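Notes follow the structure.
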Amino acid sequence: TKTLLTPEVALFINKVGTEEMTSILRGISKKEDNDAAEDKRLRLLTVEVNTIVLNVLEDFISDFRRDLQRNLSSNSNPLMSGIVALFCTLMGTRQSQQFVHLLYASLRSFAYKFVDVLFKGDNTYLSQILQEILIHCNRPEPDIHIEASTLLFILIKLNQRTTGSFGRTKIQAITTLSNLVQSKKIDKDVVLNKSFARLTEYALHAYSTLYYRDIESGSDLTVDDELAHSLYSSFARGIQDMCFTFTSILRDTLRVIEMAETADSHM
């Protein structure tokens, strides 16, 4: 997977003569003498290659959707395991703003297609994706942390709609955040609390307008205002409580790590 994302492989494919690659990469496959121009060329090349990889992945998902939905366990679904691993690899690699939006569009589509796999299956797919989402929620670039927190909110809503509760997403997000802070993959709050606050804003907006009544399936939510008010009120409070837990974990764990490091330095 990682090999597919390198400019060298794109140049190799272009050299071999793949018609699609030749068409797409024409004009940016010639090495530049100027360092700045060469850096720009390689970045453009990487975007094009990543976009092709993403398009192939989406076509594969579309063609094998039924097979991918059939098995909810990671042990019996190596294809889904590979797809999630590829998504996580793309998320874990620094990408251009242009590609970030394409990637998150694919992730949103993936989440809507495979709600049963993510929220009912005996697998770790959700936690794998949540790890990358939470890291992105702390990235300083607005394009990234807004996309990440928005996808997290969508996952919460889909979990609520699919199982009647967003408990799975909540528990796995809390556990994942704690692990990320303890392992120092997140070692300070850049915009993480801002991203958490955005989740609350989304939930309160949904509750205040009751425009999109999509957190429960097979009910009279669309026509029963009293029921919608009750469900969205509970949903918004649940997200507020979850975000408070996120903030507490981040603050307290970072404080404990700092105290431990200070104590070690004085020994």
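Convention: chains lettered A, B, ... in structure tokens order; per-chain residue numbering from 1; ligands numbered from 1 as shown.
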#### Entry: Shell around Ser217 (chain A) at 9 Å using only C-alpha atoms, local window under 6 positions removed, as a ChimeraX atom specification
/A:161-162,164
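You can rank A:Leu158, A:Tyr104, A:Glu147, A:Ser165 by their closest distance to Asp214 (chain A) using only C-alpha atoms, and at the top of that list sits A:Leu158.
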### Nearest candidate to Asp189 (chain A) (options A:Ile146, A:Ala111, A:Ile135, A:Met80; using only C-alpha atoms)
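For Asp189 (chain A), the nearest of the candidates is A:Ile135.
The two atoms in question, CA of Phe196 (chain A) and CA of Thr262 (chain A), are spaced 28.4 Å apart.
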#### Entry: Spatial neighbours of Asn179 (chain A), 12 Å, only C-alpha atoms, chain gap at least 6 places, as JSON, numbers by chain
{"A": [127, 130, 131, 134, 135, 172, 173, 185, 186, 187, 249, 250, 253, 254]}
Write to file, as a compact mmCIF listing (two decimals), in the first residue's frame, the residues of the selection just made, with N, CA and C atoms.
# COMPACT_ATOMS: atom_id res chain seq x y z
N SER A 127 -12.26 1.38 15.49
CA SER A 127 -11.19 1.92 16.33
C SER A 127 -9.97 2.31 15.49
N LEU A 130 -10.94 5.57 13.93
CA LEU A 130 -11.02 6.61 14.96
C LEU A 130 -9.65 7.11 15.37
N GLN A 131 -8.67 6.23 15.37
CA GLN A 131 -7.31 6.66 15.75
C GLN A 131 -6.81 7.74 14.80
N LEU A 134 -8.90 11.07 15.25
CA LEU A 134 -8.54 11.86 16.44
C LEU A 134 -7.20 12.57 16.24
N ILE A 135 -6.27 11.91 15.58
CA ILE A 135 -5.00 12.58 15.26
C ILE A 135 -5.26 13.77 14.34
N GLN A 172 -15.03 3.43 22.11
CA GLN A 172 -13.81 3.23 21.34
C GLN A 172 -13.05 4.53 21.14
N ALA A 173 -13.76 5.65 21.01
CA ALA A 173 -13.09 6.94 20.88
C ALA A 173 -12.38 7.32 22.18
N LYS A 185 1.47 9.99 20.92
CA LYS A 185 1.14 10.33 19.54
C LYS A 185 0.37 11.65 19.51
N ILE A 186 -0.30 11.94 20.61
CA ILE A 186 -0.86 13.27 20.87
C ILE A 186 -0.21 13.74 22.16
N ASP A 187 0.68 14.72 22.06
CA ASP A 187 1.42 15.15 23.25
C ASP A 187 1.06 16.56 23.70
N ILE A 249 -9.93 13.60 29.83
CA ILE A 249 -8.87 12.63 29.55
C ILE A 249 -7.63 13.33 29.01
N LEU A 250 -7.84 14.22 28.06
CA LEU A 250 -6.72 14.94 27.46
C LEU A 250 -5.97 15.76 28.51
N THR A 253 -4.47 13.32 31.52
CA THR A 253 -3.38 12.43 31.09
C THR A 253 -2.14 13.22 30.74
N LEU A 254 -2.30 14.34 30.06
CA LEU A 254 -1.15 15.19 29.75
C LEU A 254 -0.50 15.72 31.02
### Query
Given the choices A:Val100, A:Ile174, A:Ile154, A:Ile129, which gets closest to Ser248 (chain A) if the distance is worked out from only C-alpha atoms?
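The answer is A:Ile174, which sits nearest to Ser248 (chain A).
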Need the shell around region 106-109 of chain A: protein/DNA/RNA residues with any atom at most 8 Å away, counting only C-alpha atoms. Skip same-chain ones fewer than 4 positions apart. Format as a PDB file with N, CA, C and O atoms, in the first residue's frame?
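Result file is part36.pdb:
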ATOM      1  N   LEU A  54      -7.226   6.131  -4.802  1.00  0.00           N
ATOM      2  CA  LEU A  54      -8.528   6.307  -4.166  1.00  0.00           C
ATOM      3  C   LEU A  54      -9.658   5.940  -5.121  1.00  0.00           C
ATOM      4  O   LEU A  54     -10.643   5.305  -4.715  1.00  0.00           O
ATOM      5  N   GLU A  58     -12.431   3.020  -4.545  1.00  0.00           N
ATOM      6  CA  GLU A  58     -13.875   3.247  -4.590  1.00  0.00           C
ATOM      7  C   GLU A  58     -14.553   2.314  -5.591  1.00  0.00           C
ATOM      8  O   GLU A  58     -15.651   1.799  -5.328  1.00  0.00           O
ATOM      9  N   PHE A  87      -7.232   2.907   3.855  1.00  0.00           N
ATOM     10  CA  PHE A  87      -7.761   4.204   4.287  1.00  0.00           C
ATOM     11  C   PHE A  87      -6.880   4.795   5.395  1.00  0.00           C
ATOM     12  O   PHE A  87      -6.557   5.989   5.378  1.00  0.00           O
ATOM     13  N   LEU A 102     -10.963  14.928  -0.873  1.00  0.00           N
ATOM     14  CA  LEU A 102     -11.345  13.724  -1.618  1.00  0.00           C
ATOM     15  C   LEU A 102     -11.344  12.503  -0.710  1.00  0.00           C
ATOM     16  O   LEU A 102     -12.246  11.659  -0.774  1.00  0.00           O
ATOM     17  N   LYS A 113     -22.081   3.212   3.722  1.00  0.00           N
ATOM     18  CA  LYS A 113     -22.291   1.917   3.063  1.00  0.00           C
ATOM     19  C   LYS A 113     -22.171   0.742   4.030  1.00  0.00           C
ATOM     20  O   LYS A 113     -22.826  -0.285   3.855  1.00  0.00           O
ATOM     21  N   LEU A 151     -16.491  14.103  10.294  1.00  0.00           N
ATOM     22  CA  LEU A 151     -16.644  12.663  10.097  1.00  0.00           C
ATOM     23  C   LEU A 151     -16.925  11.964  11.421  1.00  0.00           C
ATOM     24  O   LEU A 151     -17.741  11.029  11.474  1.00  0.00           O
ATOM     25  N   ILE A 154     -20.517  12.346  12.132  1.00  0.00           N
ATOM     26  CA  ILE A 154     -21.297  11.470  11.250  1.00  0.00           C
ATOM     27  C   ILE A 154     -21.270  10.033  11.768  1.00  0.00           C
ATOM     28  O   ILE A 154     -22.302   9.339  11.777  1.00  0.00           O
TER      29      ILE A 154
END
### Message
Taking 3 positions as the minimum chain separation for residues in the same chain, which residues sit within 9 Å of Val115 (chain A) when counting only C-alpha atoms? Answer as number ranges by chain.
### Response
A: 110-112, 118-120, 155, 158-159, 162
### Task
Take CA of Ile257 (chain A) and CA of Gly238 (chain A) and report the distance between them in Å, one decimal.
28.4 Å
### In region 57-191 of chain A, DSSP helix (DSSP H, G or I) residues written as a VMD selection string
chain A and resid 57 to 63 65 to 70 78 to 92 97 to 113 115 to 120 125 to 137 142 to 163 167 to 182
### Top pick for closest residue to Thr247 (chain A), considering A:Thr124, A:Asp59, A:Ser195, A:Gln160 and counting only C-alpha atoms
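Using only C-alpha atoms, the shortest distance to Thr247 (chain A) belongs to A:Ser195.
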### Task
Counting only C-alpha atoms, figure out which residue out of A:His101, A:Arg213, A:Arg237, A:Lys188 gets nearest to Arg251 (chain A).
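Checking each of A:His101, A:Arg213, A:Arg237, A:Lys188 against Arg251 (chain A), counting only C-alpha atoms, the winner is A:Lys188.
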### Task
Can you work out the spacing between CA of Ile133 (chain A) and CA of Ile156 (chain A) in Å, to one decimal?
12.7 Å
#### Entry: Leu210 (chain A) environment, 12 Å, only C-alpha atoms, sequence neighbours closer than 6 positions dropped, as a list in words
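Residues near the query, excluding close chain neighbours: Tyr202, Ala203, Leu204, Leu221, Thr222, Val223, Asp224, Asp225, Glu226, Leu227, Ala228, His229, Ser230, Leu231, Tyr232, Ser233, Phe235 and Ala236 of chain A.
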#### Entry: Non-local contacts of His145 (chain A) (9 Å; only C-alpha atoms; under 3 positions in same chain excluded) as a PyMOL selection string
chain A and resi 133-142+148-150+191-192+195
